[in-house]
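Participant: Got a structure for you, entry19.txt, holding compact mmCIF, C-alpha atoms.
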# COMPACT_ATOMS: atom_id res chain seq x y z
CA MET V 1 0.00 0.00 0.00
CA SER V 2 1.47 3.34 -0.97
CA MET V 3 2.15 6.04 1.61
CA SER V 4 -0.43 8.38 0.08
CA ILE V 5 -3.21 5.79 0.57
CA ILE V 6 -2.15 5.16 4.17
CA ILE V 7 -2.19 8.93 4.83
CA LEU V 8 -5.61 9.21 3.20
CA LEU V 9 -7.05 6.36 5.29
CA VAL V 10 -5.63 7.74 8.53
CA VAL V 11 -6.98 11.24 7.87
CA ILE V 12 -10.42 9.83 6.92
CA SER V 13 -10.32 7.88 10.17
CA GLN V 14 -9.52 11.12 12.07
CA VAL V 15 -12.51 12.93 10.55
CA TRP V 16 -14.83 9.96 11.20
CA LEU V 17 -13.66 9.29 14.76
CA LEU V 18 -13.49 12.84 16.10
CA SER V 19 -16.37 14.46 14.25
CA TYR V 20 -18.79 11.59 13.73
CA PHE V 21 -18.30 8.50 15.89
CA TYR V 22 -17.56 10.00 19.32
CA PRO V 23 -19.92 13.00 18.93
CA LYS V 24 -22.66 10.51 18.02
CA GLN V 25 -21.97 8.59 21.25
CA VAL V 26 -22.04 11.83 23.25
CA VAL V 27 -25.37 12.84 21.68
CA LYS V 28 -26.74 9.35 22.45
CA ARG V 29 -25.87 9.89 26.12
CA ILE V 30 -27.53 13.31 26.19
CA ASN V 31 -30.64 11.81 24.57
CA PHE V 32 -30.66 8.95 27.08
CA VAL V 33 -30.70 11.42 29.97
CA LEU V 34 -33.30 13.68 28.35
CA ASN V 35 -35.60 10.72 27.56
CA ASN V 36 -35.17 8.65 30.71
CA CYS V 37 -34.77 11.40 33.29
CA PRO V 38 -37.36 14.06 32.40
CA GLU V 39 -37.24 17.45 34.05
CA LYS V 40 -40.43 16.95 36.09
CA ASP V 41 -39.18 13.73 37.71
CA TYR V 42 -35.50 14.69 38.07
CA PRO V 43 -35.58 18.42 38.83
CA LYS V 44 -32.13 18.43 40.49
CA LEU V 45 -30.58 17.45 37.18
CA TYR V 46 -31.91 20.54 35.46
CA PRO V 47 -30.77 23.85 36.94
CA VAL V 48 -31.58 25.18 33.45
CA PRO V 49 -34.64 24.18 31.38
CA SER V 50 -34.21 21.02 29.31
CA GLU V 51 -34.95 23.11 26.21
CA ARG V 52 -31.61 24.87 26.70
CA ILE V 53 -29.83 21.54 26.89
CA LYS V 54 -31.55 20.48 23.65
CA THR V 55 -30.34 23.70 21.99
CA ILE V 56 -26.75 23.10 23.17
CA LYS V 57 -26.97 19.53 21.85
CA LEU V 58 -28.16 20.82 18.48
CA VAL V 59 -25.31 23.35 18.25
CA TYR V 60 -22.85 20.59 19.18
CA GLN V 61 -24.23 18.35 16.43
CA MET V 62 -24.18 21.17 13.87
CA LEU V 63 -20.55 22.05 14.65
CA ASN V 64 -19.53 18.44 14.19
CA TYR V 65 -21.42 18.14 10.90
CA LEU V 66 -19.65 21.29 9.77
CA PHE V 67 -16.26 19.77 10.60
CA ILE V 68 -17.15 16.56 8.74
CA LEU V 69 -17.88 18.65 5.65
CA PHE V 70 -14.71 20.68 6.15
CA GLY V 71 -12.64 17.52 6.62
CA ALA V 72 -14.21 15.88 3.58
CA GLY V 73 -13.48 19.06 1.59
CA LEU V 74 -9.82 18.96 2.57
CA ILE V 75 -9.52 15.26 1.71
CA ILE V 76 -11.18 15.77 -1.70
CA TYR V 77 -9.03 18.84 -2.40
CA PHE V 78 -5.73 17.10 -1.68
CA THR V 79 -6.80 13.85 -3.37
CA TYR V 80 -8.46 15.08 -6.56
CA VAL V 81 -7.81 18.80 -7.06
CA VAL V 82 -4.11 19.01 -6.23
CA PRO V 83 -2.10 17.04 -8.82
CA ASP V 84 0.50 15.85 -6.31
CA TYR V 85 -0.07 16.34 -2.57
CA ARG V 86 3.69 16.04 -1.92
CA GLN V 87 4.13 19.57 -3.32
CA TYR V 88 2.20 20.81 -0.27
CA ILE V 89 3.72 18.44 2.24
CA ASN V 90 5.15 21.30 4.33
CA ILE V 91 1.62 22.63 4.87
CA LEU V 92 0.06 19.19 5.04
CA ASP V 93 2.25 17.80 7.82
CA ASP V 94 0.71 20.12 10.43
CA LEU V 95 -2.80 20.11 8.97
CA PRO V 96 -4.09 17.04 10.91
CA LEU V 97 -2.79 18.70 14.07
CA LEU V 98 -4.57 22.01 13.45
CA PHE V 99 -7.71 20.25 12.25
CA GLY V 100 -7.59 17.96 15.29
CA ILE V 101 -7.56 20.99 17.60
CA VAL V 102 -10.59 22.38 15.75
CA GLN V 103 -12.33 18.97 15.95
CA PHE V 104 -11.84 18.88 19.72
CA MET V 105 -13.38 22.35 20.14
CA PRO V 106 -17.07 21.29 20.35
CA LEU V 107 -16.20 18.77 23.04
CA PHE V 108 -14.19 21.41 24.87
CA ILE V 109 -17.14 23.81 24.72
CA LEU V 110 -19.44 21.04 25.98
CA GLU V 111 -17.04 20.39 28.87
CA LEU V 112 -17.01 24.10 29.82
CA LEU V 113 -20.81 24.20 29.70
CA GLY V 114 -20.81 21.08 31.87
CA TYR V 115 -18.76 22.95 34.50
CA LYS V 116 -21.25 25.82 34.36
CA HIS V 117 -24.15 23.37 34.66
CA LEU V 118 -22.64 21.78 37.79
CA LYS V 119 -22.00 25.22 39.27
CA LEU V 120 -25.69 26.07 38.82
CA MET V 121 -26.60 22.72 40.41
CA ARG V 122 -24.48 23.64 43.44
CA GLN V 123 -26.08 27.08 43.66
CA LYS V 124 -29.59 25.62 43.55
CA ASN V 125 -28.80 22.87 46.04
CA THR V 126 -31.02 23.40 49.10
CA GLN V 127 -30.02 20.27 51.02
CA THR V 128 -29.11 21.05 54.61
CA SER V 129 -27.53 17.70 55.39
CA ARG V 130 -23.99 16.97 54.20
CA LYS V 131 -22.37 13.58 53.93
CA ALA V 132 -18.74 12.49 53.89
CA GLU V 133 -16.80 9.26 54.00
CA LEU V 134 -14.69 8.83 57.12
CA GLN V 135 -11.82 7.37 55.11
CA PRO V 136 -8.87 9.17 53.59
CA ARG V 137 -8.65 9.31 49.82
CA LEU V 138 -5.07 8.35 49.05
CA LEU V 139 -3.40 8.88 45.71
CA PHE V 140 -2.30 5.27 45.30
CA ASN V 141 -5.84 4.01 45.83
CA PHE V 142 -6.66 5.66 42.51
CA VAL V 143 -3.56 5.19 40.40
CA SER V 144 -0.93 2.46 40.38
CA ARG V 145 2.58 3.36 41.54
CA PHE V 146 3.95 1.61 38.47
CA HIS V 147 1.99 3.79 36.04
CA LEU V 148 2.88 6.96 37.90
CA VAL V 149 6.60 6.10 37.98
CA LEU V 150 6.41 5.16 34.30
CA ALA V 151 4.91 8.57 33.46
CA GLY V 152 7.65 10.30 35.45
CA LEU V 153 10.40 8.29 33.79
CA THR V 154 8.95 8.95 30.32
CA TYR V 155 8.92 12.68 31.07
CA ILE V 156 12.55 12.66 32.27
CA SER V 157 13.59 10.56 29.24
CA PHE V 158 11.90 13.11 26.98
CA ILE V 159 13.87 16.00 28.49
CA ILE V 160 17.16 14.08 28.12
CA TYR V 161 16.21 13.07 24.57
CA GLU V 162 15.39 16.67 23.56
CA LEU V 163 18.60 17.96 25.13
CA PHE V 164 20.54 15.22 23.38
CA LEU V 165 19.03 16.19 20.01
CA CYS V 166 20.20 19.79 20.44
CA ASN V 167 23.63 18.75 21.80
CA PHE V 168 22.65 19.90 25.29
CA ASN V 169 22.32 23.51 24.06
CA LEU V 170 18.65 24.20 24.70
CA ASN V 171 17.18 25.77 21.56
CA PHE V 172 13.81 27.46 21.01
CA ASP V 173 12.03 24.37 19.63
CA ALA V 174 13.20 22.09 22.42
CA SER V 175 12.34 24.63 25.14
CA ILE V 176 8.83 25.08 23.68
CA LYS V 177 8.28 21.31 23.68
CA ILE V 178 9.68 20.79 27.18
CA GLY V 179 7.74 23.83 28.45
CA THR V 180 4.46 22.66 26.89
CA LEU V 181 4.79 19.15 28.27
CA THR V 182 5.73 20.47 31.71
CA LEU V 183 2.72 22.83 31.76
CA VAL V 184 0.37 20.04 30.62
CA ASN V 185 1.72 17.74 33.35
CA ILE V 186 1.32 20.48 35.98
CA LEU V 187 -2.27 21.02 34.77
CA PHE V 188 -2.96 17.27 35.02
CA ILE V 189 -1.55 17.17 38.56
CA ALA V 190 -3.64 20.19 39.59
CA ILE V 191 -6.87 18.71 38.14
CA GLY V 192 -6.04 15.32 39.67
CA MET V 193 -5.47 16.84 43.11
CA ALA V 194 -8.68 18.86 42.85
CA ASN V 195 -10.53 15.61 42.12
CA LEU V 196 -8.82 13.84 45.00
CA TYR V 197 -9.07 16.45 47.76
CA GLY V 198 -11.27 19.21 46.36
CA LYS V 199 -14.96 19.92 46.69
CA LYS V 200 -17.49 17.78 44.86
CA ARG V 201 -18.49 19.46 41.63
CA ASP V 202 -21.77 17.56 41.52
CA PRO V 203 -23.49 18.17 44.88
CA TYR V 204 -25.61 15.01 44.58
CA GLN V 205 -22.85 12.64 43.50
CA GLY V 206 -22.44 9.55 45.69
CA THR V 207 -19.09 8.39 47.11
CA GLU V 208 -18.85 5.40 44.79
CA GLU V 209 -19.44 7.52 41.70
CA ARG V 210 -16.93 10.10 42.88
CA ASN V 211 -14.24 7.50 43.53
CA LYS V 212 -14.88 5.98 40.12
CA GLN V 213 -14.51 9.40 38.51
CA THR V 214 -11.29 10.20 40.41
CA LYS V 215 -9.80 6.86 39.39
CA PHE V 216 -10.69 7.53 35.78
CA VAL V 217 -9.19 11.04 35.87
CA PHE V 218 -5.86 9.80 37.23
CA GLU V 219 -5.64 6.79 34.94
CA SER V 220 -6.48 8.73 31.80
CA PHE V 221 -4.13 11.60 32.72
CA VAL V 222 -1.24 9.20 33.31
CA PHE V 223 -1.81 7.49 29.96
CA ILE V 224 -2.31 10.78 28.10
CA SER V 225 0.88 12.17 29.66
CA ILE V 226 2.90 9.10 28.61
CA PHE V 227 1.36 9.10 25.17
CA MET V 228 1.86 12.84 24.67
CA THR V 229 5.54 12.47 25.61
CA ILE V 230 6.01 9.63 23.13
CA TYR V 231 4.24 11.69 20.46
CA LEU V 232 6.53 14.69 21.02
CA MET V 233 9.58 12.42 20.86
CA MET V 234 8.39 10.94 17.57
CA HIS V 235 7.58 14.42 16.28
CA SER V 236 11.13 15.60 16.99
CA TRP V 237 12.53 12.48 15.37
CA ALA V 238 10.41 12.97 12.20
CA ASN V 239 11.46 16.64 12.07
CA ILE V 240 15.16 15.83 12.27
CA TYR V 241 15.02 13.29 9.46
CA GLU V 242 12.54 15.45 7.51
CA LEU V 243 10.03 12.64 7.31
CA ASN V 244 7.08 14.90 6.47
CA ASN V 245 4.90 12.01 5.28
CA LEU V 246 5.41 10.33 8.60
CA GLU V 247 4.67 13.58 10.42
CA VAL V 248 1.21 13.72 8.81
CA LEU V 249 0.57 10.20 10.09
CA ILE V 250 1.97 10.87 13.56
CA ASN V 251 -0.06 14.08 13.93
CA SER V 252 -3.28 12.46 12.79
CA LEU V 253 -2.80 9.33 14.90
CA TYR V 254 -1.95 11.52 17.88
CA PHE V 255 -5.43 13.04 17.99
CA GLN V 256 -7.11 9.72 17.40
CA VAL V 257 -5.27 8.02 20.26
CA LEU V 258 -5.87 11.10 22.43
CA ALA V 259 -9.61 10.79 21.72
CA LEU V 260 -9.43 7.08 22.51
CA PHE V 261 -7.77 7.70 25.89
CA SER V 262 -10.06 10.56 26.87
CA ILE V 263 -13.55 10.52 25.40
CA GLY V 264 -13.37 6.86 24.32
CA ALA V 265 -12.26 5.68 27.78
CA LEU V 266 -14.89 7.90 29.43
CA LEU V 267 -17.70 6.52 27.30
CA GLY V 268 -16.50 2.97 27.87
CA ARG V 269 -15.97 3.27 31.61
CA PHE V 270 -19.09 5.20 32.53
CA LYS V 271 -21.98 3.32 30.99
CA ILE V 272 -24.89 5.73 31.12
CA SER V 273 -27.37 2.92 31.83
CA GLU V 274 -25.39 1.93 34.95
CA MET V 275 -25.36 5.42 36.45
CA ASN V 276 -27.48 6.19 39.47
CA PHE V 277 -29.84 9.01 38.57
CA ASP V 278 -32.12 8.53 41.58
CA VAL V 279 -30.09 11.13 43.51
CA TYR V 280 -31.45 13.79 41.15
CA LYS V 281 -35.11 13.02 41.88
CA ALA V 282 -37.23 15.50 43.80
CA ASP V 283 -37.03 15.25 47.60
CA ILE V 284 -40.00 13.40 49.03
CA THR V 285 -41.62 15.51 51.72
CA ALA V 286 -44.11 14.02 54.12
CA MET C 1 -18.37 4.61 57.13
CA GLU C 2 -20.28 7.78 56.35
CA ILE C 3 -20.97 10.74 58.59
CA VAL C 4 -23.84 13.16 58.14
CA ILE C 5 -24.04 16.67 59.51
CA GLU C 6 -27.05 18.96 59.60
CA ILE C 7 -26.17 22.53 58.71
CA GLU C 8 -29.34 23.98 60.25
CA ASP C 9 -29.18 21.94 63.45
CA PRO C 10 -28.72 24.12 66.56
CA THR C 11 -25.89 21.81 67.70
CA PRO C 12 -22.58 23.34 66.61
CA LEU C 13 -21.02 21.64 63.59
CA PHE C 14 -17.81 20.71 65.42
CA THR C 15 -19.89 19.04 68.18
CA GLN C 16 -21.82 17.06 65.57
CA LEU C 17 -18.52 15.92 64.11
CA VAL C 18 -17.04 14.96 67.50
CA GLU C 19 -20.18 13.05 68.49
CA GLN C 20 -20.44 11.20 65.20
CA ILE C 21 -16.81 10.13 65.23
CA LYS C 22 -17.13 9.02 68.86
CA ASN C 23 -20.31 7.08 68.04
CA ALA C 24 -18.59 5.44 65.09
CA VAL C 25 -15.77 4.35 67.42
CA LYS C 26 -18.20 3.10 70.08
CA ASP C 27 -20.21 1.15 67.47
CA GLU C 28 -16.92 -0.22 66.11
CA LYS C 29 -17.68 1.14 62.65
CA ILE C 30 -14.13 2.48 62.74
CA LYS C 31 -11.46 0.60 64.64
CA PRO C 32 -8.32 1.65 66.55
CA GLY C 33 -5.52 2.31 64.08
CA ASP C 34 -7.87 3.22 61.20
CA ALA C 35 -6.88 6.31 59.25
CA LEU C 36 -9.14 9.35 59.19
CA PRO C 37 -9.47 11.79 56.28
CA SER C 38 -7.33 14.90 56.36
CA ILE C 39 -8.87 18.11 57.70
CA ARG C 40 -8.93 19.56 54.19
CA GLN C 41 -10.61 16.51 52.66
CA LEU C 42 -13.33 16.32 55.31
CA ALA C 43 -13.95 20.07 55.20
CA ASN C 44 -14.26 19.99 51.41
CA ASP C 45 -16.52 16.92 51.42
CA LEU C 46 -18.83 18.43 54.02
CA GLU C 47 -18.51 21.90 52.45
CA ILE C 48 -17.70 23.48 55.81
CA ASN C 49 -14.82 25.62 57.04
CA SER C 50 -11.62 23.67 57.64
CA LYS C 51 -11.27 25.45 61.02
CA THR C 52 -14.45 23.67 62.16
CA VAL C 53 -13.00 20.27 61.29
CA ALA C 54 -9.65 21.25 62.85
CA LYS C 55 -11.46 22.17 66.08
CA ALA C 56 -13.32 18.85 66.13
CA TYR C 57 -10.06 16.96 65.53
CA ARG C 58 -8.35 18.99 68.30
CA LEU C 59 -11.07 18.04 70.78
CA LEU C 60 -10.94 14.39 69.75
CA GLU C 61 -7.17 14.41 70.14
CA ARG C 62 -7.48 16.01 73.58
CA ASP C 63 -9.86 13.17 74.56
CA SER C 64 -7.38 10.63 73.12
CA VAL C 65 -9.96 9.36 70.64
CA ILE C 66 -7.72 10.18 67.69
CA GLN C 67 -3.99 10.57 67.28
CA ALA C 68 -2.17 12.83 64.83
CA LYS C 69 0.97 11.22 63.42
CA GLY C 70 2.53 14.13 61.54
CA TYR C 71 2.69 13.75 57.78
CA ARG C 72 1.32 10.19 57.97
CA GLY C 73 -2.08 11.57 58.94
CA THR C 74 -4.63 11.16 61.72
CA PHE C 75 -5.58 7.77 63.15
CA ILE C 76 -8.01 6.35 65.65
CA HIS C 77 -6.30 6.04 69.04
CA GLN C 78 -5.49 2.52 70.30
CA ASN C 79 -7.58 3.16 73.45
CA ALA C 80 -10.26 5.11 71.63
CA ILE C 81 -13.15 2.86 72.70
CA GLU C 82 -12.39 3.28 76.42
CA ASN C 83 -11.63 6.98 75.99
CA CYS C 84 -14.94 7.59 74.23
CA ALA C 85 -16.73 6.47 77.38
CA PHE C 86 -15.34 9.48 79.22
CA ASP C 87 -17.90 12.30 79.13
CA ILE C 88 -16.09 15.57 79.70
CA ASN C 89 -19.34 17.56 80.09
CA ARG C 90 -20.53 15.30 82.87
CA TRP C 91 -17.12 15.53 84.55
CA ILE C 92 -17.10 19.36 84.34
CA THR C 93 -20.63 19.52 85.80
CA ALA C 94 -19.65 17.22 88.67
CA GLN C 95 -16.51 19.27 89.42
CA LEU C 96 -18.46 22.53 89.37
CA LYS C 97 -21.20 21.11 91.60
CA GLU C 98 -18.57 20.15 94.14
CA SER C 99 -16.92 23.59 94.02
CA VAL C 100 -20.24 25.47 94.19
CA ALA C 101 -21.32 23.36 97.16
CA LEU C 102 -18.04 24.15 98.95
CA LEU C 103 -18.39 27.88 98.23
CA LYS C 104 -21.98 27.97 99.43
CA LYS C 105 -21.00 26.13 102.57
CA SER C 106 -18.46 28.91 103.19
CA GLY C 107 -21.27 31.48 102.93
CA ALA C 108 -20.76 32.84 99.40
CA THR C 109 -23.94 34.07 97.68
CA ASP C 110 -25.06 32.98 94.19
CA SER C 111 -24.25 36.37 92.67
CA GLU C 112 -20.77 36.40 94.27
CA ILE C 113 -20.09 32.96 92.86
CA ARG C 114 -21.34 34.00 89.38
CA ILE C 115 -19.23 37.19 89.37
CA ALA C 116 -16.15 35.30 90.55
CA PHE C 117 -16.73 32.53 87.98
CA THR C 118 -17.05 35.07 85.16
CA GLN C 119 -13.92 36.88 86.32
CA VAL C 120 -11.91 33.66 86.45
CA MET C 121 -13.13 32.66 83.00
CA ASN C 122 -12.35 36.10 81.57
CA ASN C 123 -8.88 36.17 83.14
CA ASN C 124 -8.15 32.74 81.68
CA LYS C 125 -8.84 34.06 78.19
CA HIS C 126 -5.91 36.50 78.39
Output the file's structure as structure tokens, nothing else.
Facilitator:
Amino acid sequence: MSMSIIILLVVISQVWLLSYFYPKQVVKRINFVLNNCPEKDYPKLYPVPSERIKTIKLVYQMLNYLFILFGAGLIIYFTYVVPDYRQYINILDDLPLLFGIVQFMPLFILELLGYKHLKLMRQKNTQTSRKAELQPRLLFNFVSRFHLVLAGLTYISFIIYELFLCNFNLNFDASIKIGTLTLVNILFIAIGMANLYGKKRDPYQGTEERNKQTKFVFESFVFISIFMTIYLMMHSWANIYELNNLEVLINSLYFQVLALFSIGALLGRFKISEMNFDVYKADITA
Amino acid sequence: MEIVIEIEDPTPLFTQLVEQIKNAVKDEKIKPGDALPSIRQLANDLEINSKTVAKAYRLLERDSVIQAKGYRGTFIHQNAIENCAFDINRWITAQLKESVALLKKSGATDSEIRIAFTQVMNNNKH
């Protein structure tokens, strides 16, 4: 199979996975909640009217459809319109990366709106009784020491590798990569710690659900950190040997694996049908 | 083991915490040597001020129900079950009854005792 066909298949897969498959799963989950937990029976779940949630869902769907069209347009352009895509390889190598960022945007917006939704739930919470587990939440109950050490070692290896590539004279490119990875890791640690010791974002969430969520956050962050480090190492390697074709593949696969570790793992781990929605029902008053 | 506090209950929050932890020890829901959550974790989970939890932990430590072990955390005291049986309020009342009886026997009036008690308490604050 020629390289151009492999690139084409990988990019098609990126468009399908990030703008069609996972968004469809997300919409399915929203529909499940809207259909099975109506506003009148589960008022705590709706600090805003369900109509607003339906509108947000529609905008989310529309954005994804738009990106499918945009992605298809790019594929058609570089396959049929441009006589030889290799002429544009210097633009093309970063295109899956930029397009991937754009493809993640609707999900990012949805996540931000989710934060806002939970904040409104907290504000409208009128419960006067508060519950807490009388057990400490310890880091290693949620993430294995092996995985954490592995992430740390991968990070250190990356720094040594980058320094080695620039003969231990830190250049702009290497410092940007090391800086980005360090900032991302710091962000992961901060979010992880907030999940472990911080306040509950969902005021009605039970202990079991919270522990499950914390475990997921740590596990996915550790894997994303390791994977991101490997990606940056491969990126540097492809840059040095000017393997632009390979860079297109690496960049495209990067976003697909990232989606697999984040949204894919989330959808797989938290089956909507297994979630306890009873906590969002109206309080029964005698 | 889960504890529940009532925000609108007239009983102070730190007292609710102390009583619930003592009850959990008495009912053997938590055993000597078991680890307790950190002050920050418990305060965040209950959405109350960490000073309230710190006060409850201080009182429990004073009563030898819990034991702080530096960076390792806070644990249930080895003699917690016996120590929970000690009711400090009852002990204070008994001690005061004895003292008041002695003072009255010496001829002190109620108001003199109250004024003196307030003065002693106020002086102890400084």
Participant: Restrict the calculation to only C-alpha atoms, then for each residue of chain V with any atom at most 9 Å from an atom of chain C give the closest atom pair and their distance in Å to one decimal, rows by chain and rising residue number, as a Markdown table.
Facilitator:
| residue | atom | partner | partner_atom | distance |
| --- | --- | --- | --- | --- |
| V:Gln127 | CA | C:Ile7 | CA | 8.9 |
| V:Thr128 | CA | C:Ile7 | CA | 5.3 |
| V:Ser129 | CA | C:Glu6 | CA | 4.4 |
| V:Arg130 | CA | C:Ile5 | CA | 5.3 |
| V:Lys131 | CA | C:Val4 | CA | 4.5 |
| V:Ala132 | CA | C:Ile3 | CA | 5.5 |
| V:Glu133 | CA | C:Glu2 | CA | 4.5 |
| V:Leu134 | CA | C:Met1 | CA | 5.6 |
| V:Gln135 | CA | C:Pro37 | CA | 5.1 |
| V:Pro136 | CA | C:Pro37 | CA | 3.8 |
| V:Arg137 | CA | C:Pro37 | CA | 7.0 |
| V:Leu196 | CA | C:Gln41 | CA | 8.3 |
| V:Tyr197 | CA | C:Gln41 | CA | 5.1 |
| V:Gly198 | CA | C:Asn44 | CA | 5.9 |
| V:Lys199 | CA | C:Asn44 | CA | 4.8 |
| V:Lys200 | CA | C:Asp45 | CA | 6.7 |
Participant: Okay, now the selection with C-alpha atoms, as a PDB file, keeping the file's coordinate frame?
Facilitator:
ATOM      1  CA  GLN V 127     -30.020  20.270  51.020  1.00  0.00           C
ATOM      2  CA  THR V 128     -29.110  21.050  54.610  1.00  0.00           C
ATOM      3  CA  SER V 129     -27.530  17.700  55.390  1.00  0.00           C
ATOM      4  CA  ARG V 130     -23.990  16.970  54.200  1.00  0.00           C
ATOM      5  CA  LYS V 131     -22.370  13.580  53.930  1.00  0.00           C
ATOM      6  CA  ALA V 132     -18.740  12.490  53.890  1.00  0.00           C
ATOM      7  CA  GLU V 133     -16.800   9.260  54.000  1.00  0.00           C
ATOM      8  CA  LEU V 134     -14.690   8.830  57.120  1.00  0.00           C
ATOM      9  CA  GLN V 135     -11.820   7.370  55.110  1.00  0.00           C
ATOM     10  CA  PRO V 136      -8.870   9.170  53.590  1.00  0.00           C
ATOM     11  CA  ARG V 137      -8.650   9.310  49.820  1.00  0.00           C
ATOM     12  CA  LEU V 196      -8.820  13.840  45.000  1.00  0.00           C
ATOM     13  CA  TYR V 197      -9.070  16.450  47.760  1.00  0.00           C
ATOM     14  CA  GLY V 198     -11.270  19.210  46.360  1.00  0.00           C
ATOM     15  CA  LYS V 199     -14.960  19.920  46.690  1.00  0.00           C
ATOM     16  CA  LYS V 200     -17.490  17.780  44.860  1.00  0.00           C
TER      17      LYS V 200
END
Participant: Smallest atom-to-atom distance to Glu61 of chain C: which of C:Ala108, C:Val18, C:Ala94, C:Met121, using only C-alpha atoms?
Facilitator: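 For Glu61 of chain C, the nearest of the given residues is C:Val18.
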Participant: Between V:Ile68, V:Leu246, V:Ile56, V:Met233, which has the minimum distance to Ser4 of chain V (counting all atoms listed in the file)?
Facilitator: V:Leu246
Participant: Report the distance between atom CA of Asn195 of chain V and atom CA of Thr214 of chain V in Å, rounded to one decimal place.
Facilitator: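 Interatomic distance here is 5.7 Å.
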Participant: Work out how far apart atom CA of Ala56 of chain C and atom CA of Gln16 of chain C are and give it in Å to one decimal.
Facilitator: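 Atom-to-atom, atom CA of Ala56 of chain C to atom CA of Gln16 of chain C, that is 8.7 Å.
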Participant: Could you work out how far atom CA of Ile226 of chain V lies from atom CA of Tyr155 of chain V, giving the answer in Å with one decimal?
Facilitator: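 These atoms are spaced 7.4 Å apart.
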Participant: Which residues come within 10 Å of Leu181 of chain V, counting all atoms listed in the file, excluding same-chain residues fewer than 4 positions away, as a PyMOL selection string?
Facilitator: chain V and resi 155+158-159+175-177+185-187+225+228-229+232
Participant: Around all listed atoms of segment 111-116 of chain C, padded 3 Å per side, what centre and edge lengths does the axis-aligned box have in Å to one decimal, as lines of an AutoDock Vina configuration file?
Facilitator:
center_x = -20.2
center_y = 35.1
center_z = 91.8
size_x = 14.1
size_y = 10.2
size_z = 10.9
